[in-house]
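Trainee: Here it is: the structure, laid out below.
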Amino acid sequence: MPALVNHVDPQDQLPADTSTYTDEITSEHNDKPKYMATVEVTAQPLADTSWLEQNYYLYYDVDNAVGVQLDAVGMWVGRSRYLPVPITAYFSWDTDNLGWDQAVWKRPFDPDSGFTTLPDEIYRQLLYAVIRANHWDGTIPGAYDVWAPIWNQYPNYTFVIQDYEDGSMAYGLIGPAPPDQIMLGYFTFGEIDTKPAGIELDHFLPSMYPAGAGGTPVFGFDSMTPNCAGWDVGAWADFKVYKQE
């Protein structure tokens, strides 16, 4: 995953400029270094406090907030930094490190998902996407724009939206390898729910990797592109999970 753009820390603006105070010192005294230094040291807490009173909102700006301030922004936006992710530690056929003598069986009441805590910069991208989702215009191009902050972090993957025009739609995620846990959390748990009310939404993943450009396209009728192709070329997608009504 590429490095994300660093935020601007308001703390870098401190210590604040004390010239508001020192400029008032008359020429009779402002040529005395020790006296000026004493005034600056005395005035610095006042200047810092005044700056914070005027600029405290910067600490709660989605571009600048960190730590608990970013958590507060998340409360306003409506998403916490705790991302639900699927648990993939159970026994599975034809999955590396999850076969016989490697993984445990899933019992009737074992959970299907858990939570991971997102670091600030990844959480910030989720908040950007949710803010866009809150202003979504209901179109497919608009939905791609909503998801852009998320999938721009994964340039080797292709996110696909398909409207079947029968009261249902689908999301697809095509790429060189199975998605990691954070990608699956975004993709499968409705963290960014861009679908019209009352429309059934399916999520599909390729059944074999690498998928799409540079690998095997997913199967699709009347299509022949690097990501979607027909008989004898495309592979069936996996629709086994994650349906939302």
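Residues are named by chain letter and number: chains run A, B, ... in the order of the structure tokens, numbers start at 1 in each chain, and ligands are numbered from 1 in the order shown.
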Per DSSP on the backbone, what are the strand (DSSP E) residues of stretch 3-241 of chain A, as a PyMOL selection string?
Mentor: chain A and resi 82-86+113-117+158-163+168-174+200-206+218-219+228-229+237-238
Trainee: Tell me, as a PDB file with N, CA and C atoms, in the first residue's frame, which residues lie within 12 Å of A:Tyr209, counting only C-alpha atoms; anything in the same chain fewer than 6 positions away does not count.
Mentor:
ATOM      1  N   TYR A 157      -5.620  -2.890  -7.526  1.00  0.00           N
ATOM      2  CA  TYR A 157      -6.941  -3.511  -7.506  1.00  0.00           C
ATOM      3  C   TYR A 157      -7.935  -2.666  -8.291  1.00  0.00           C
ATOM      4  N   LEU A 173     -14.410  -6.810  -6.636  1.00  0.00           N
ATOM      5  CA  LEU A 173     -13.051  -6.368  -6.315  1.00  0.00           C
ATOM      6  C   LEU A 173     -12.079  -7.325  -6.983  1.00  0.00           C
ATOM      7  N   ILE A 174     -11.363  -6.830  -7.972  1.00  0.00           N
ATOM      8  CA  ILE A 174     -10.490  -7.646  -8.798  1.00  0.00           C
ATOM      9  C   ILE A 174      -9.055  -7.199  -8.573  1.00  0.00           C
ATOM     10  N   GLY A 175      -8.141  -8.161  -8.423  1.00  0.00           N
ATOM     11  CA  GLY A 175      -6.759  -7.776  -8.189  1.00  0.00           C
ATOM     12  C   GLY A 175      -5.795  -8.929  -8.276  1.00  0.00           C
ATOM     13  N   PRO A 176      -4.532  -8.674  -7.944  1.00  0.00           N
ATOM     14  CA  PRO A 176      -3.490  -9.685  -8.117  1.00  0.00           C
ATOM     15  C   PRO A 176      -3.484 -10.784  -7.063  1.00  0.00           C
ATOM     16  N   ALA A 177      -4.149 -10.551  -5.930  1.00  0.00           N
ATOM     17  CA  ALA A 177      -4.128 -11.524  -4.831  1.00  0.00           C
ATOM     18  C   ALA A 177      -5.379 -11.328  -3.982  1.00  0.00           C
ATOM     19  N   PRO A 178      -5.737 -12.318  -3.166  1.00  0.00           N
ATOM     20  CA  PRO A 178      -6.893 -12.125  -2.279  1.00  0.00           C
ATOM     21  C   PRO A 178      -6.718 -10.879  -1.413  1.00  0.00           C
ATOM     22  N   PRO A 179      -7.796 -10.131  -1.167  1.00  0.00           N
ATOM     23  CA  PRO A 179      -7.697  -8.898  -0.374  1.00  0.00           C
ATOM     24  C   PRO A 179      -7.224  -9.171   1.042  1.00  0.00           C
ATOM     25  N   GLY A 215      -3.959 -11.375 -15.103  1.00  0.00           N
ATOM     26  CA  GLY A 215      -4.373 -12.684 -14.599  1.00  0.00           C
ATOM     27  C   GLY A 215      -5.594 -13.170 -15.350  1.00  0.00           C
ATOM     28  N   THR A 216      -6.466 -13.881 -14.649  1.00  0.00           N
ATOM     29  CA  THR A 216      -7.680 -14.413 -15.255  1.00  0.00           C
ATOM     30  C   THR A 216      -8.847 -13.461 -15.031  1.00  0.00           C
ATOM     31  N   PRO A 217      -9.507 -12.990 -16.099  1.00  0.00           N
ATOM     32  CA  PRO A 217     -10.675 -12.122 -15.906  1.00  0.00           C
ATOM     33  C   PRO A 217     -11.809 -12.888 -15.218  1.00  0.00           C
ATOM     34  N   VAL A 218     -12.710 -12.167 -14.581  1.00  0.00           N
ATOM     35  CA  VAL A 218     -13.915 -12.810 -14.059  1.00  0.00           C
ATOM     36  C   VAL A 218     -14.879 -13.014 -15.225  1.00  0.00           C
ATOM     37  N   ASN A 227     -10.524  -7.318 -17.400  1.00  0.00           N
ATOM     38  CA  ASN A 227     -11.127  -7.628 -16.104  1.00  0.00           C
ATOM     39  C   ASN A 227     -12.352  -8.522 -16.191  1.00  0.00           C
ATOM     40  N   GLY A 234     -13.024 -16.215 -19.040  1.00  0.00           N
ATOM     41  CA  GLY A 234     -13.305 -15.724 -17.697  1.00  0.00           C
ATOM     42  C   GLY A 234     -13.553 -16.843 -16.695  1.00  0.00           C
ATOM     43  N   ALA A 235     -13.277 -16.571 -15.430  1.00  0.00           N
ATOM     44  CA  ALA A 235     -13.517 -17.519 -14.331  1.00  0.00           C
ATOM     45  C   ALA A 235     -14.698 -17.031 -13.509  1.00  0.00           C
ATOM     46  N   TRP A 236     -15.518 -17.978 -13.002  1.00  0.00           N
ATOM     47  CA  TRP A 236     -16.671 -17.617 -12.182  1.00  0.00           C
ATOM     48  C   TRP A 236     -16.227 -16.841 -10.953  1.00  0.00           C
ATOM     49  N   ALA A 237     -16.999 -15.820 -10.630  1.00  0.00           N
ATOM     50  CA  ALA A 237     -16.751 -15.060  -9.407  1.00  0.00           C
ATOM     51  C   ALA A 237     -17.378 -15.785  -8.226  1.00  0.00           C
ATOM     52  N   ASP A 238     -16.941 -15.425  -7.033  1.00  0.00           N
ATOM     53  CA  ASP A 238     -17.398 -16.067  -5.808  1.00  0.00           C
ATOM     54  C   ASP A 238     -18.430 -15.178  -5.131  1.00  0.00           C
TER      55      ASP A 238
END
Trainee: Which polymer residues have any atom within 8 Å of an atom of A:Gly172, counting only C-alpha atoms, with same-chain residues fewer than 4 positions away left out, as a list in words?
Mentor: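 Neighbouring residues, sequence-local ones excluded: Phe159, Val160, Ile161, His203, Phe204 and Leu205 of chain A.
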Trainee: Excluding stretch 112-129 of chain A and its own-chain neighbours fewer than 2 positions away, which residues fall within 9 Å of it when counting only C-alpha atoms? Please give them as a PDB file with C-alpha atoms, in the first residue's frame.
Mentor:
ATOM      1  CA  LEU A   4      -0.369   8.424   2.458  1.00  0.00           C
ATOM      2  CA  VAL A   5      -0.009  12.190   2.476  1.00  0.00           C
ATOM      3  CA  ASN A   6       1.120  13.483   5.874  1.00  0.00           C
ATOM      4  CA  HIS A   7      -1.301  15.720   7.735  1.00  0.00           C
ATOM      5  CA  VAL A  62     -10.419  16.039   9.249  1.00  0.00           C
ATOM      6  CA  ASP A  63      -7.202  16.965   7.430  1.00  0.00           C
ATOM      7  CA  ALA A  65      -6.831  15.828  13.506  1.00  0.00           C
ATOM      8  CA  VAL A  66      -4.891  13.000  15.127  1.00  0.00           C
ATOM      9  CA  GLY A  67      -5.613  10.548  17.922  1.00  0.00           C
ATOM     10  CA  LEU A  70      -9.719  12.313  14.907  1.00  0.00           C
ATOM     11  CA  VAL A  73     -14.322  13.884  14.017  1.00  0.00           C
ATOM     12  CA  GLY A  74     -15.335  10.274  13.422  1.00  0.00           C
ATOM     13  CA  VAL A  77     -19.087  11.827  10.601  1.00  0.00           C
ATOM     14  CA  GLY A  78     -20.622   8.616  11.936  1.00  0.00           C
ATOM     15  CA  ARG A  79     -17.771   6.050  11.723  1.00  0.00           C
ATOM     16  CA  SER A  80     -15.411   4.852  14.426  1.00  0.00           C
ATOM     17  CA  ARG A  81     -11.871   3.661  13.793  1.00  0.00           C
ATOM     18  CA  TYR A  82     -12.863   0.102  14.774  1.00  0.00           C
ATOM     19  CA  LEU A  83     -13.294  -1.684  11.469  1.00  0.00           C
ATOM     20  CA  PRO A  84     -15.138  -5.031  11.360  1.00  0.00           C
ATOM     21  CA  VAL A  85     -13.060  -7.620   9.515  1.00  0.00           C
ATOM     22  CA  PRO A  86     -13.847 -11.239   8.594  1.00  0.00           C
ATOM     23  CA  ILE A  87     -12.090 -13.968  10.546  1.00  0.00           C
ATOM     24  CA  THR A  88     -10.276 -16.229   8.099  1.00  0.00           C
ATOM     25  CA  LYS A 106     -15.486 -23.383  12.821  1.00  0.00           C
ATOM     26  CA  ASP A 110     -17.736 -19.152  16.698  1.00  0.00           C
ATOM     27  CA  ILE A 131     -18.188  12.155   4.067  1.00  0.00           C
ATOM     28  CA  ARG A 132     -18.470  11.701   0.309  1.00  0.00           C
ATOM     29  CA  ALA A 133     -21.046   8.946   0.834  1.00  0.00           C
ATOM     30  CA  ASN A 134     -23.127  11.346   2.937  1.00  0.00           C
ATOM     31  CA  ASP A 145     -16.013   8.906  -6.488  1.00  0.00           C
ATOM     32  CA  VAL A 146     -17.182   7.988  -2.973  1.00  0.00           C
ATOM     33  CA  TRP A 147     -14.925   4.923  -2.907  1.00  0.00           C
ATOM     34  CA  ALA A 148     -11.924   6.712  -4.448  1.00  0.00           C
ATOM     35  CA  PRO A 149     -10.136   7.585  -1.131  1.00  0.00           C
ATOM     36  CA  ILE A 150     -10.232   3.893  -0.190  1.00  0.00           C
ATOM     37  CA  GLN A 153      -4.650   3.198  -1.454  1.00  0.00           C
ATOM     38  CA  GLN A 181      -8.266  -8.030   6.148  1.00  0.00           C
ATOM     39  CA  ILE A 182      -8.673  -4.250   5.991  1.00  0.00           C
ATOM     40  CA  GLY A 185     -13.532  -5.013   6.053  1.00  0.00           C
ATOM     41  CA  TYR A 186     -14.186  -2.071   3.748  1.00  0.00           C
ATOM     42  CA  GLU A 191     -18.771   0.655   5.984  1.00  0.00           C
ATOM     43  CA  ILE A 192     -19.479   2.794   2.916  1.00  0.00           C
TER      44      ILE A 192
END
Trainee: In Å, how far is it from atom CA of A:Ser223 to atom CA of A:Met208?
Mentor: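 Rounded to one decimal, the two atoms are 18.5 Å apart.
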Trainee: Nearest to A:Pro196 among A:Trp151, A:Trp51, A:Trp136, A:Tyr171, with distances taken over only C-alpha atoms: which residue is it?
Mentor: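 When distances to A:Pro196 are compared using only C-alpha atoms, the smallest one comes from A:Trp136.
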Trainee: Using only C-alpha atoms for the distances, tell me which of A:Gln44, A:Val39, A:Gln69, A:Ser27 is nearest to A:Tyr56.
Mentor: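 Closest residue, counting only C-alpha atoms: A:Gln69.
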Trainee: Considering only C-alpha atoms, can you say which of A:Trp76, A:Tyr144, A:Ala16, A:Thr194 comes closest to A:Asn55?
Mentor: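 Checking each candidate against A:Asn55, we get A:Ala16 as the closest.
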